[in-house]
Amino acid sequence: MLENYFPVLMFIAVGLVLGGVLLAVGRILAPHKPDPKKLSPYECGFEAFEDARMKFDVRYYLVAILFILFDLEIAFLFPWAVVIPDIGFFGYAAMMVFLAILVVGFVYEWKKGALEWE
Amino acid sequence: MAALPLEQALVLAALLFALGLAGVLVRRNVLYMLMSIEIMLNATALAFVAAGARWAQPDGQVMFVFVLALAAAEVAVGLALLLLLYRRFGTLDADALSELRG
Amino acid sequence: MSASDLPILLPAYGEILLLVLASAILLVDLFLPERLRGLTHWLSLATLAACFVLTVQVVRATGGQAAYTFGGMFVADLMANVLKLVVYAAVAAVLVYSRRYLAERGMLRGEFFVLALFATLGMAVMISANHMLALYLGLELMSLCVYSMVALNRDSATSTEAAMKYFVLGALASGLLLYGMSMLYGATGTLDLTQMAQVIAVGQVNGVVLVFGLVFVVAGLSFKLGVVPFHMWIPDVYHGAPNAMTLFISTAPKLAAFAMAVRMLVNGLIDLAGDWQQMLVVMAVLSMALGNFAAIAQTNIKRMLAYSTISHMGFMLLGLLAGVVGGNRFSAPDAYSAAMFYTVVYVLMSLGSFGMVLALSRAGFEAEELDDYRGLNQRDPWLAFLMLLLMFALAGVPPTVGFYAKLAVIDAVIKAGQIWLAVVAVLLSLVGAFYYLRVVKLMYFDEPRDAGPIAPGRDVRWLLSANGLAMLVLGVMPGSLMALCLVAVQGLYPLAR
C-alpha cells in the first residue's frame with residue numbers, strides 16, 4: 001500500500017534537493033554586488049508601495065476578463081484538433097460555427113474600443 | 001500502480017465542494033465569494049471526470065471542458081459586476097450591500 | 001411523413017435562426033449611425049416574430065411528435081414548442097412595454113436587445129434540453145445574460161447591488177445543480193435524460209448516490225423557480241433591478257425554469273417521484289405561506305409582486321407534486337398540465353402587472369410605490385380597470401383565468417388524495433387575496449396623490465388592453481389552452497406509453 005506513494009516521495013526529495021542545489025550554486029558562483037535598486041522588492045513594473053491590496057488600474061481587469069474568455073477557446077480547439085480525422089464534415093462545420101460566434105464577439109469588443117489601451 | 005479508487009475521488013470532490021460552499025456563505029469579501037464559487041464548480045468538474053472514468057466514457061471529460069468554459073464565462077461577468085460594485089460602493093464587503101431590505 | 005425523412009437539424013431550426021439573427025443584430029447595432037438606433041428595437045421584434053413562425057412550422061413538420069436532434073441532446077416535443085412560443089411572445093411583449101421606460105433612462109441601447117435575445121435563446125435551449133449538458137448550457141446562457149441586464153443601469157447603486165446578489169446566489173445555485181448532476185451521472189452512467197430514466201427504471205442503481213444527487217438538483221431547481229428556502233434573491237432583485245428588467249425576469253424565465261423542472265424530474269427522474277414529491281410538498285407549503293404573508297407588509301409594488309411570485313411558484317409546485325400517486329402515473333398528465341397551465345397563466349398575469357408599472361412610470365418617476373396607485377380610477381379609468389382584472393386574476397377571483405388555474409391545480413391535488421394540502425393552498429390563497437384587493441381599493445376608493453401625466457404610447461395601451469382582457473377571456477374560455485397543455489404533457493417521454 002505505502003509503496004504506491006514512493007514516486008511521490010521521490011518527487012518531493014528530488015524537488016527539495018534540486019531547489020537547494022540551484023540556490024547554492026547561484027550563491028557561490030554568481031557575482032554578488034548588491035545596491036539599493038537591486039534589493040528593493042520589485043513586481044511587474046510597479047513601484048512597490050502600500051500593501052498588496054492596492055488598486056490596480058481598471059484596464060488590467062478589462063484585459064483579464066477578455067483574456068479569460070478568448071483564451072478558453074483552446075480548451076475546445078485542442079480535443080477537436082486531435083480527433084479531426086474521425087469527425088468528418090459535421091465536426092469541422094461545428095467548430096467553424098463556434099469560431100464564427102467568437103469572431104462576432106471579437107468584432108464587438110474591438111469596435112466598442114475595449115482593446116484600446118488609451 | 002493501482003488507479004485511484006472512485007470513492008476517493010468523489011470524497012475529494014465532496015470536500016472541495018463543501019469548502020467552496022462554506023466559503024461563499026462565510027466570506028464577506030465579494031472577491032473571495034467569487035473564488036469560492038470557482039472552487040465549487042471545479043469540485044463538480046472533478047466529480048464528473050471521476051464518474052466518467054468509472055463508466056469508461058468520455059462524457060465526464062466533455063462535461064469538464066464545458067464546466068471550465070462556463071466557469072470562465074461566469075467569472076468574467078462576476079468580475080465585471082465586482083468592478084461596478086467597487087466603483088459604486090467603494091468596498092467589496094458584502095455586508096455593505098444593504099440598501100435593499102424588507 | 002416519418003421523422004427520419006426530416007432534415008436532421010429541423011427540431012432546432014427556431015434556435016438556430018435566433019442565434020444567427022441575434023448575432024446579426026449585435027453587429028448591425030454596432031455600425032448603425034446614432035439616428036437609426038431605434039431600428040434595433042424593430043429588428044429584435046422581427047427576430048422574435050420570425051422565430052415564432054418558424055417554431056409553428058416545426059410543429060407542423062413534426063406533427064406534434066417528439067423529434068430529437070444533436071444525438072438526442074435536443075428534443076422538440078409539443079411541450080417544448082408550446083412553451084417556446086409563449087416565451088417568444090412574452091419577450092416581444094416585454095420589449096414593447098419597456099421601450100419608453102428604457103429610452104427615458106438612457107438604457108435603450110443595442111446591448112439590452114442583444115442580451116434579451118440571447119437570454120431567450122438560453123431559455124429555448126433549456127426548454128428543449130434532453131441532456132444534462134444542454135440543460136446546463138441553456139441555463140447558464142440565460143442566467144449570465146439576465147445578470148448583465150440587471151446591472152445595465154450602471155449609475156444606479158441599487159441595480160448594482162441587486163445584480164451582485166443575483167449573481168452570487170445564482171452561481172451558487174448553478175453549482176448545486178451541477179453537483180447534483182455529477183452525482184446522477186456517477187450513479188447512472190449517462191447524461192441523457194431519456195436513457196437515465198431507462199437505467200433507473202431497470203433498477204440496479206446505487207440508491208444513496210442517486211438520492212444525494214436528487215437533493216442537490218432539487219435545490220438548484222428551486223432556486224431558479226424562486227421557492228422557499230431558496231427565495232431570498234427574489235425580493236431584492238425584483239426591487240433593485242430597473243422596472244423593465246424586473247418585467248423580463250418575472251416572465252419568460254419562469255417558463256424556462258418550469259421546463260427545466262419537468263425535464264429533470266419528470267423526464268429523467270420520474271421513478272424517484274416518491275422522493276422528490278415529498279421535497280416539493282415542503283417547499284410548496286412554505287413558499288405559499290411566506291410569499292403571501294410577507295407580501296402584506298410591503299409598501300413597494302415591485303416588492304409586493306416579488307413575494308407574490310414566490311407564492312405563485314409554490315402553488316405551481318402543487319401541480320408537479322400531484323402526478324405520481326403510490327407509484328402509478330394515471331393522473332400525471334392532468335397534474336402536470338395543470339402546473340403548465342398555471343405557469344403560462346402566471347406569466348401572462350405578471351407581464352400585465354409589471355407592464356402596468358412601466359406604463360405608469362415616466363422620466364424621473366418609477367410608479368413603484370403602492371401610494372402611486374391611489375385614485376388611479378380618477379386619472380385613467382381604463383388602465384385602472386385593466387389593473388383590476390390583473391389583480392383579480394392574481395388573487396384567483398372568478399371569472400378571471402387566475403381562478404381557473406388555481407382550480408385545476410387544486411383539483412389535481414385532491415385527486416392525488418392530498419386533501420390537507422388542498423385546504424392549506426386555498427386558505428393561503430385567501431390570505432393572498434387581501435393584498436391584491438388592497439391595490440384595487442387604493443385605485444378605486446382613495447384620492448390620487450400623484451398628479452403627473454399618464455401617457456403610455458398607443459402600442460403599449462393596446463397591448464396592455466389585450467393582456468388585461470385576456471385574463472377575462474381565458475377565464476371564461478380556458479378550454480382550448482387547457483387542452484393544449486394536456487396534449488403537450490401527454491407527449492412527454494415517460495407519459496407517452
# chains A, B, ... in the order shown; residues from 1 in each chain; ligands from 1

call {"tool": "closest_atom_pairs", "arguments": {"of": "chain B", "to": "chain A", "cutoff": "8 Å", "atoms": "only C-alpha atoms", "output": "CSV"}}
result
residue,atom,partner,partner_atom,distance
B:Met1,CA,A:Asn4,CA,6.2
B:Ala2,CA,A:Asn4,CA,7.7
B:Val65,CA,A:Ala75,CA,6.5
B:Ala69,CA,A:Leu72,CA,6.2
B:Ala72,CA,A:Ile68,CA,6.4
B:Ala73,CA,A:Leu69,CA,6.3
B:Val75,CA,A:Ile65,CA,8.0
B:Ala76,CA,A:Ile65,CA,5.1
B:Leu79,CA,A:Ile65,CA,7.3
B:Ala80,CA,A:Ile65,CA,7.9
B:Leu83,CA,A:Val58,CA,7.9

call {"tool": "interface_residues", "arguments": {"of": "chain B", "to": "chain C", "cutoff": "7 Å", "atoms": "only C-alpha atoms", "output": "ChimeraX atom specification"}}
result
/B:37,40-41,44,47-48,51,55,63,74,81,84-85,88,97,99-100

call {"tool": "write_last_selection", "arguments": {"atoms": "N, CA, C and O atoms", "output": "CSV table (one decimal), in the first residue's frame"}}
result
chain,number,residue,atom,x,y,z
B,37,ILE,N,-16.9,30.2,-5.4
B,37,ILE,CA,-17.8,29.7,-6.4
B,37,ILE,C,-17.0,28.9,-7.4
B,37,ILE,O,-17.3,27.8,-7.8
B,40,MET,N,-16.2,25.6,-6.0
B,40,MET,CA,-17.3,24.7,-6.1
B,40,MET,C,-17.5,24.1,-7.5
B,40,MET,O,-17.7,22.9,-7.7
B,41,LEU,N,-17.3,24.9,-8.5
B,41,LEU,CA,-17.5,24.5,-9.9
B,41,LEU,C,-16.4,23.5,-10.3
B,41,LEU,O,-16.6,22.5,-10.9
B,44,THR,N,-17.2,20.1,-8.8
B,44,THR,CA,-18.2,19.3,-9.7
B,44,THR,C,-17.5,18.8,-10.9
B,44,THR,O,-17.7,17.7,-11.3
B,47,ALA,N,-15.7,15.7,-10.0
B,47,ALA,CA,-16.7,14.6,-9.8
B,47,ALA,C,-17.1,14.1,-11.2
B,47,ALA,O,-17.2,12.8,-11.3
B,48,PHE,N,-17.3,14.9,-12.1
B,48,PHE,CA,-17.7,14.5,-13.5
B,48,PHE,C,-16.6,13.6,-14.1
B,48,PHE,O,-16.9,12.5,-14.6
B,51,ALA,N,-16.5,10.3,-12.3
B,51,ALA,CA,-17.7,9.4,-12.7
B,51,ALA,C,-17.5,8.9,-14.1
B,51,ALA,O,-17.8,7.7,-14.4
B,55,TRP,N,-17.3,4.9,-15.5
B,55,TRP,CA,-18.1,4.2,-16.6
B,55,TRP,C,-17.3,4.1,-17.9
B,55,TRP,O,-17.8,3.7,-18.9
B,63,MET,N,-17.9,17.0,-20.1
B,63,MET,CA,-18.6,17.9,-19.2
B,63,MET,C,-17.5,18.8,-18.5
B,63,MET,O,-17.7,20.0,-18.3
B,74,GLU,N,-18.6,32.8,-16.4
B,74,GLU,CA,-19.3,33.3,-15.2
B,74,GLU,C,-18.4,34.3,-14.5
B,74,GLU,O,-18.8,35.3,-14.0
B,81,LEU,N,-19.1,42.8,-12.7
B,81,LEU,CA,-20.0,43.3,-11.6
B,81,LEU,C,-19.2,43.8,-10.4
B,81,LEU,O,-19.6,44.8,-9.8
B,84,LEU,N,-18.0,47.2,-11.0
B,84,LEU,CA,-19.1,48.1,-10.9
B,84,LEU,C,-19.4,48.4,-9.5
B,84,LEU,O,-19.6,49.6,-9.0
B,85,LEU,N,-19.4,47.3,-8.7
B,85,LEU,CA,-19.7,47.4,-7.3
B,85,LEU,C,-18.7,48.3,-6.5
B,85,LEU,O,-19.1,49.1,-5.7
B,88,ARG,N,-19.3,51.9,-7.2
B,88,ARG,CA,-20.5,52.4,-6.6
B,88,ARG,C,-20.3,52.6,-5.1
B,88,ARG,O,-20.7,53.6,-4.5
B,97,LEU,N,-23.8,45.9,1.2
B,97,LEU,CA,-24.8,45.8,0.2
B,97,LEU,C,-26.2,45.7,1.0
B,97,LEU,O,-26.7,44.6,1.0
B,99,GLU,N,-28.9,48.2,0.8
B,99,GLU,CA,-29.9,49.2,0.6
B,99,GLU,C,-31.3,48.6,0.4
B,99,GLU,O,-32.3,49.2,0.5
B,100,LEU,N,-31.2,47.3,-0.1
B,100,LEU,CA,-32.5,46.6,-0.4
B,100,LEU,C,-32.9,45.8,0.8
B,100,LEU,O,-32.2,44.8,1.1

call {"tool": "atom_distance", "arguments": {"atom1": "CA of Met232 in chain C", "atom2": "CA of His312 in chain C"}}
result
15.2 Å

call {"tool": "atom_distance", "arguments": {"atom1": "CA of Asn81 in chain C", "atom2": "CA of Leu121 in chain C"}}
result
13.2 Å

call {"tool": "residues_around", "arguments": {"residues": "Met279 in chain C", "least_positions_apart": "4", "cutoff": "9 Å", "atoms": "only C-alpha atoms", "output": "ChimeraX atom specification"}}
result
/C:215,218,275,283-284,321

call {"tool": "write_last_selection", "arguments": {"atoms": "all heavy atoms", "output": "tab-separated table (two decimals), in the first residue's frame"}}
result
chain	number	residue	atom	x	y	z
C	215	VAL	N	-31.22	15.48	-4.31
C	215	VAL	CA	-31.38	16.58	-3.36
C	215	VAL	C	-30.73	17.85	-3.91
C	215	VAL	O	-31.32	18.93	-3.88
C	215	VAL	CB	-30.76	16.20	-2.00
C	215	VAL	CG1	-30.70	17.41	-1.08
C	215	VAL	CG2	-31.54	15.09	-1.36
C	218	VAL	N	-32.73	19.26	-6.89
C	218	VAL	CA	-33.96	19.94	-6.47
C	218	VAL	C	-33.62	21.30	-5.85
C	218	VAL	O	-34.32	22.29	-6.08
C	218	VAL	CB	-34.77	19.07	-5.49
C	218	VAL	CG1	-35.91	19.85	-4.88
C	218	VAL	CG2	-35.32	17.85	-6.22
C	275	ASP	N	-39.57	10.30	-3.85
C	275	ASP	CA	-38.61	11.10	-3.09
C	275	ASP	C	-38.80	12.59	-3.34
C	275	ASP	O	-38.89	13.38	-2.41
C	275	ASP	CB	-37.18	10.70	-3.45
C	275	ASP	CG	-36.89	9.27	-3.04
C	275	ASP	OD1	-37.18	8.94	-1.88
C	275	ASP	OD2	-36.41	8.49	-3.88
C	283	MET	N	-41.56	22.53	0.14
C	283	MET	CA	-41.24	23.81	-0.49
C	283	MET	C	-42.50	24.56	-0.90
C	283	MET	O	-42.59	25.78	-0.75
C	283	MET	CB	-40.35	23.58	-1.72
C	283	MET	CG	-39.01	22.98	-1.34
C	283	MET	SD	-37.81	22.94	-2.66
C	283	MET	CE	-38.73	22.34	-4.01
C	284	ALA	N	-43.50	23.83	-1.39
C	284	ALA	CA	-44.73	24.48	-1.85
C	284	ALA	C	-45.44	25.15	-0.68
C	284	ALA	O	-45.83	26.32	-0.76
C	284	ALA	CB	-45.65	23.47	-2.53
C	321	LEU	N	-46.29	18.07	-7.90
C	321	LEU	CA	-46.10	17.02	-6.90
C	321	LEU	C	-47.30	16.09	-6.82
C	321	LEU	O	-47.31	15.15	-6.03
C	321	LEU	CB	-45.79	17.63	-5.53
C	321	LEU	CG	-46.84	18.51	-4.86
C	321	LEU	CD1	-47.91	17.71	-4.18
C	321	LEU	CD2	-46.15	19.41	-3.85

call {"tool": "residues_around", "arguments": {"residues": "Leu9 in chain C", "least_positions_apart": "3", "cutoff": "7 Å", "atoms": "only C-alpha atoms", "output": "PyMOL selection string"}}
result
chain C and resi 12-13+69

call {"tool": "atom_distance", "arguments": {"atom1": "CA of Ile296 in chain C", "atom2": "CA of Tyr435 in chain C"}}
result
5.5 Å

call {"tool": "select_by_dssp", "arguments": {"residues": "chain B", "states": "alpha helix (DSSP H)", "output": "PyMOL selection string"}}
result
chain B and resi 6-26+30-54+59-89

call {"tool": "closest_atom_pairs", "arguments": {"of": "chain C", "to": "chain A", "cutoff": "8 Å", "atoms": "only C-alpha atoms", "output": "tab-separated table"}}
result
residue	atom	partner	partner_atom	distance
C:Ser23	CA	A:Val104	CA	6.8
C:Leu26	CA	A:Tyr108	CA	7.4
C:Leu27	CA	A:Tyr108	CA	6.8
C:Leu30	CA	A:Tyr108	CA	7.1

call {"tool": "write_last_selection", "arguments": {"atoms": "N, CA, C and O atoms", "output": "compact mmCIF listing (two decimals), in the first residue's frame"}}
result
# COMPACT_ATOMS: atom_id res chain seq x y z
N SER C 23 -26.91 37.39 -33.34
CA SER C 23 -25.53 37.79 -33.66
C SER C 23 -25.53 38.91 -34.69
O SER C 23 -24.74 39.86 -34.59
N LEU C 26 -26.38 42.16 -33.09
CA LEU C 26 -25.22 42.68 -32.33
C LEU C 26 -24.30 43.46 -33.26
O LEU C 26 -23.83 44.55 -32.92
N LEU C 27 -24.06 42.90 -34.45
CA LEU C 27 -23.15 43.57 -35.39
C LEU C 27 -23.80 44.79 -36.03
O LEU C 27 -23.18 45.85 -36.16
N LEU C 30 -23.82 47.81 -33.89
CA LEU C 30 -22.50 48.44 -33.76
C LEU C 30 -22.27 49.48 -34.84
O LEU C 30 -21.65 50.51 -34.61

call {"tool": "residues_around", "arguments": {"residues": "range 18-28 of chain B", "least_positions_apart": "5", "cutoff": "7 Å", "atoms": "only C-alpha atoms", "output": "PyMOL selection string"}}
result
chain B and resi 33+36-37+39-40+93-95

call {"tool": "decode", "arguments": {"residues": "chain A", "atoms": "C-alpha atoms", "output": "PDB file, in the first residue's frame"}}
result
ATOM      1  CA  MET A   1       0.000   0.000   0.000  1.00  0.00           C
ATOM      2  CA  LEU A   2       2.559   2.515   1.146  1.00  0.00           C
ATOM      3  CA  GLU A   3       4.948   1.754  -1.702  1.00  0.00           C
ATOM      4  CA  ASN A   4       2.314   3.214  -4.004  1.00  0.00           C
ATOM      5  CA  TYR A   5       3.344   6.555  -2.659  1.00  0.00           C
ATOM      6  CA  PHE A   6       7.058   6.003  -3.253  1.00  0.00           C
ATOM      7  CA  PRO A   7       7.063   8.022  -6.510  1.00  0.00           C
ATOM      8  CA  VAL A   8       5.546  10.954  -4.658  1.00  0.00           C
ATOM      9  CA  LEU A   9       8.249  10.734  -2.009  1.00  0.00           C
ATOM     10  CA  MET A  10      10.904  10.611  -4.700  1.00  0.00           C
ATOM     11  CA  PHE A  11       9.352  13.617  -6.368  1.00  0.00           C
ATOM     12  CA  ILE A  12       9.423  15.635  -3.142  1.00  0.00           C
ATOM     13  CA  ALA A  13      13.020  14.603  -2.432  1.00  0.00           C
ATOM     14  CA  VAL A  14      14.229  15.475  -5.931  1.00  0.00           C
ATOM     15  CA  GLY A  15      12.352  18.781  -5.793  1.00  0.00           C
ATOM     16  CA  LEU A  16      13.958  19.751  -2.479  1.00  0.00           C
ATOM     17  CA  VAL A  17      17.445  18.718  -3.484  1.00  0.00           C
ATOM     18  CA  LEU A  18      17.259  20.354  -6.891  1.00  0.00           C
ATOM     19  CA  GLY A  19      15.886  23.594  -5.437  1.00  0.00           C
ATOM     20  CA  GLY A  20      18.590  23.657  -2.759  1.00  0.00           C
ATOM     21  CA  VAL A  21      21.363  22.936  -5.243  1.00  0.00           C
ATOM     22  CA  LEU A  22      20.252  25.648  -7.625  1.00  0.00           C
ATOM     23  CA  LEU A  23      20.117  28.259  -4.841  1.00  0.00           C
ATOM     24  CA  ALA A  24      23.513  27.205  -3.539  1.00  0.00           C
ATOM     25  CA  VAL A  25      25.118  27.252  -6.982  1.00  0.00           C
ATOM     26  CA  GLY A  26      23.753  30.710  -7.649  1.00  0.00           C
ATOM     27  CA  ARG A  27      25.054  31.947  -4.308  1.00  0.00           C
ATOM     28  CA  ILE A  28      28.525  30.510  -4.805  1.00  0.00           C
ATOM     29  CA  LEU A  29      29.183  31.146  -8.480  1.00  0.00           C
ATOM     30  CA  ALA A  30      27.289  34.364  -9.320  1.00  0.00           C
ATOM     31  CA  PRO A  31      28.822  37.801  -8.763  1.00  0.00           C
ATOM     32  CA  HIS A  32      27.316  39.334  -5.627  1.00  0.00           C
ATOM     33  CA  LYS A  33      27.266  43.155  -5.732  1.00  0.00           C
ATOM     34  CA  PRO A  34      24.085  44.431  -4.051  1.00  0.00           C
ATOM     35  CA  ASP A  35      22.872  48.003  -4.463  1.00  0.00           C
ATOM     36  CA  PRO A  36      19.607  49.589  -3.224  1.00  0.00           C
ATOM     37  CA  LYS A  37      17.826  49.246  -6.573  1.00  0.00           C
ATOM     38  CA  LYS A  38      18.571  45.549  -6.766  1.00  0.00           C
ATOM     39  CA  LEU A  39      17.462  44.880  -3.207  1.00  0.00           C
ATOM     40  CA  SER A  40      14.155  46.704  -3.477  1.00  0.00           C
ATOM     41  CA  PRO A  41      11.113  44.448  -3.851  1.00  0.00           C
ATOM     42  CA  TYR A  42      10.128  44.516  -7.463  1.00  0.00           C
ATOM     43  CA  GLU A  43       6.940  43.281  -9.068  1.00  0.00           C
ATOM     44  CA  CYS A  44       5.529  43.539 -12.553  1.00  0.00           C
ATOM     45  CA  GLY A  45       6.867  47.006 -13.258  1.00  0.00           C
ATOM     46  CA  PHE A  46       5.049  48.563 -10.329  1.00  0.00           C
ATOM     47  CA  GLU A  47       6.850  50.656  -7.771  1.00  0.00           C
ATOM     48  CA  ALA A  48       6.219  48.762  -4.537  1.00  0.00           C
ATOM     49  CA  PHE A  49       4.043  50.833  -2.231  1.00  0.00           C
ATOM     50  CA  GLU A  50       1.425  50.265   0.436  1.00  0.00           C
ATOM     51  CA  ASP A  51       0.259  46.678   0.678  1.00  0.00           C
ATOM     52  CA  ALA A  52      -0.621  44.000  -1.823  1.00  0.00           C
ATOM     53  CA  ARG A  53      -4.259  45.104  -1.852  1.00  0.00           C
ATOM     54  CA  MET A  54      -3.550  48.198  -3.870  1.00  0.00           C
ATOM     55  CA  LYS A  55      -5.869  49.348  -6.580  1.00  0.00           C
ATOM     56  CA  PHE A  56      -4.930  48.092  -9.981  1.00  0.00           C
ATOM     57  CA  ASP A  57      -5.710  50.131 -12.999  1.00  0.00           C
ATOM     58  CA  VAL A  58      -9.208  49.186 -14.113  1.00  0.00           C
ATOM     59  CA  ARG A  59      -7.870  48.366 -17.563  1.00  0.00           C
ATOM     60  CA  TYR A  60      -5.991  45.375 -16.192  1.00  0.00           C
ATOM     61  CA  TYR A  61      -9.304  43.855 -15.173  1.00  0.00           C
ATOM     62  CA  LEU A  62     -10.839  44.510 -18.553  1.00  0.00           C
ATOM     63  CA  VAL A  63      -7.939  42.867 -20.335  1.00  0.00           C
ATOM     64  CA  ALA A  64      -8.009  39.983 -17.849  1.00  0.00           C
ATOM     65  CA  ILE A  65     -11.710  39.391 -18.406  1.00  0.00           C
ATOM     66  CA  LEU A  66     -11.364  39.432 -22.176  1.00  0.00           C
ATOM     67  CA  PHE A  67      -8.304  37.242 -21.999  1.00  0.00           C
ATOM     68  CA  ILE A  68     -10.054  34.555 -19.954  1.00  0.00           C
ATOM     69  CA  LEU A  69     -12.899  34.366 -22.440  1.00  0.00           C
ATOM     70  CA  PHE A  70     -10.832  34.121 -25.575  1.00  0.00           C
ATOM     71  CA  ASP A  71      -8.130  32.017 -24.007  1.00  0.00           C
ATOM     72  CA  LEU A  72     -10.569  29.257 -23.213  1.00  0.00           C
ATOM     73  CA  GLU A  73     -11.461  28.531 -26.802  1.00  0.00           C
ATOM     74  CA  ILE A  74      -8.286  26.443 -26.839  1.00  0.00           C
ATOM     75  CA  ALA A  75      -9.976  24.050 -24.408  1.00  0.00           C
ATOM     76  CA  PHE A  76     -12.388  23.225 -27.215  1.00  0.00           C
ATOM     77  CA  LEU A  77      -9.952  23.500 -30.109  1.00  0.00           C
ATOM     78  CA  PHE A  78      -7.401  21.080 -28.714  1.00  0.00           C
ATOM     79  CA  PRO A  79      -9.580  17.966 -28.377  1.00  0.00           C
ATOM     80  CA  TRP A  80     -11.195  18.883 -31.692  1.00  0.00           C
ATOM     81  CA  ALA A  81      -7.817  19.012 -33.439  1.00  0.00           C
ATOM     82  CA  VAL A  82      -6.872  15.606 -32.033  1.00  0.00           C
ATOM     83  CA  VAL A  83      -9.901  13.827 -33.482  1.00  0.00           C
ATOM     84  CA  ILE A  84     -10.436  15.845 -36.628  1.00  0.00           C
ATOM     85  CA  PRO A  85      -9.809  12.871 -38.998  1.00  0.00           C
ATOM     86  CA  ASP A  86     -12.654  10.958 -37.317  1.00  0.00           C
ATOM     87  CA  ILE A  87     -15.410  13.533 -37.039  1.00  0.00           C
ATOM     88  CA  GLY A  88     -15.925  14.396 -40.690  1.00  0.00           C
ATOM     89  CA  PHE A  89     -17.513  17.468 -42.148  1.00  0.00           C
ATOM     90  CA  PHE A  90     -20.082  17.846 -39.378  1.00  0.00           C
ATOM     91  CA  GLY A  91     -17.406  18.135 -36.726  1.00  0.00           C
ATOM     92  CA  TYR A  92     -15.445  20.570 -38.875  1.00  0.00           C
ATOM     93  CA  ALA A  93     -18.526  22.716 -39.541  1.00  0.00           C
ATOM     94  CA  ALA A  94     -19.485  22.731 -35.873  1.00  0.00           C
ATOM     95  CA  MET A  95     -16.126  24.180 -34.902  1.00  0.00           C
ATOM     96  CA  MET A  96     -16.329  26.758 -37.683  1.00  0.00           C
ATOM     97  CA  VAL A  97     -19.710  27.870 -36.318  1.00  0.00           C
ATOM     98  CA  PHE A  98     -18.168  28.132 -32.856  1.00  0.00           C
ATOM     99  CA  LEU A  99     -15.293  30.215 -34.177  1.00  0.00           C
ATOM    100  CA  ALA A 100     -17.692  32.403 -36.159  1.00  0.00           C
ATOM    101  CA  ILE A 101     -19.582  33.179 -32.954  1.00  0.00           C
ATOM    102  CA  LEU A 102     -16.295  34.033 -31.263  1.00  0.00           C
ATOM    103  CA  VAL A 103     -15.465  36.358 -34.152  1.00  0.00           C
ATOM    104  CA  VAL A 104     -18.782  38.145 -33.672  1.00  0.00           C
ATOM    105  CA  GLY A 105     -17.823  38.735 -30.047  1.00  0.00           C
ATOM    106  CA  PHE A 106     -14.366  39.842 -31.107  1.00  0.00           C
ATOM    107  CA  VAL A 107     -15.706  42.353 -33.628  1.00  0.00           C
ATOM    108  CA  TYR A 108     -17.988  43.702 -30.896  1.00  0.00           C
ATOM    109  CA  GLU A 109     -15.218  44.257 -28.362  1.00  0.00           C
ATOM    110  CA  TRP A 110     -12.905  45.739 -30.981  1.00  0.00           C
ATOM    111  CA  LYS A 111     -15.493  48.182 -32.267  1.00  0.00           C
ATOM    112  CA  LYS A 112     -16.512  49.123 -28.708  1.00  0.00           C
ATOM    113  CA  GLY A 113     -12.908  50.096 -28.053  1.00  0.00           C
ATOM    114  CA  ALA A 114     -12.257  47.523 -25.348  1.00  0.00           C
ATOM    115  CA  LEU A 115      -8.900  46.743 -26.926  1.00  0.00           C
ATOM    116  CA  GLU A 116      -7.650  50.343 -26.934  1.00  0.00           C
ATOM    117  CA  TRP A 117      -5.250  50.928 -24.110  1.00  0.00           C
ATOM    118  CA  GLU A 118      -5.697  54.708 -24.003  1.00  0.00           C
TER     119      GLU A 118
END
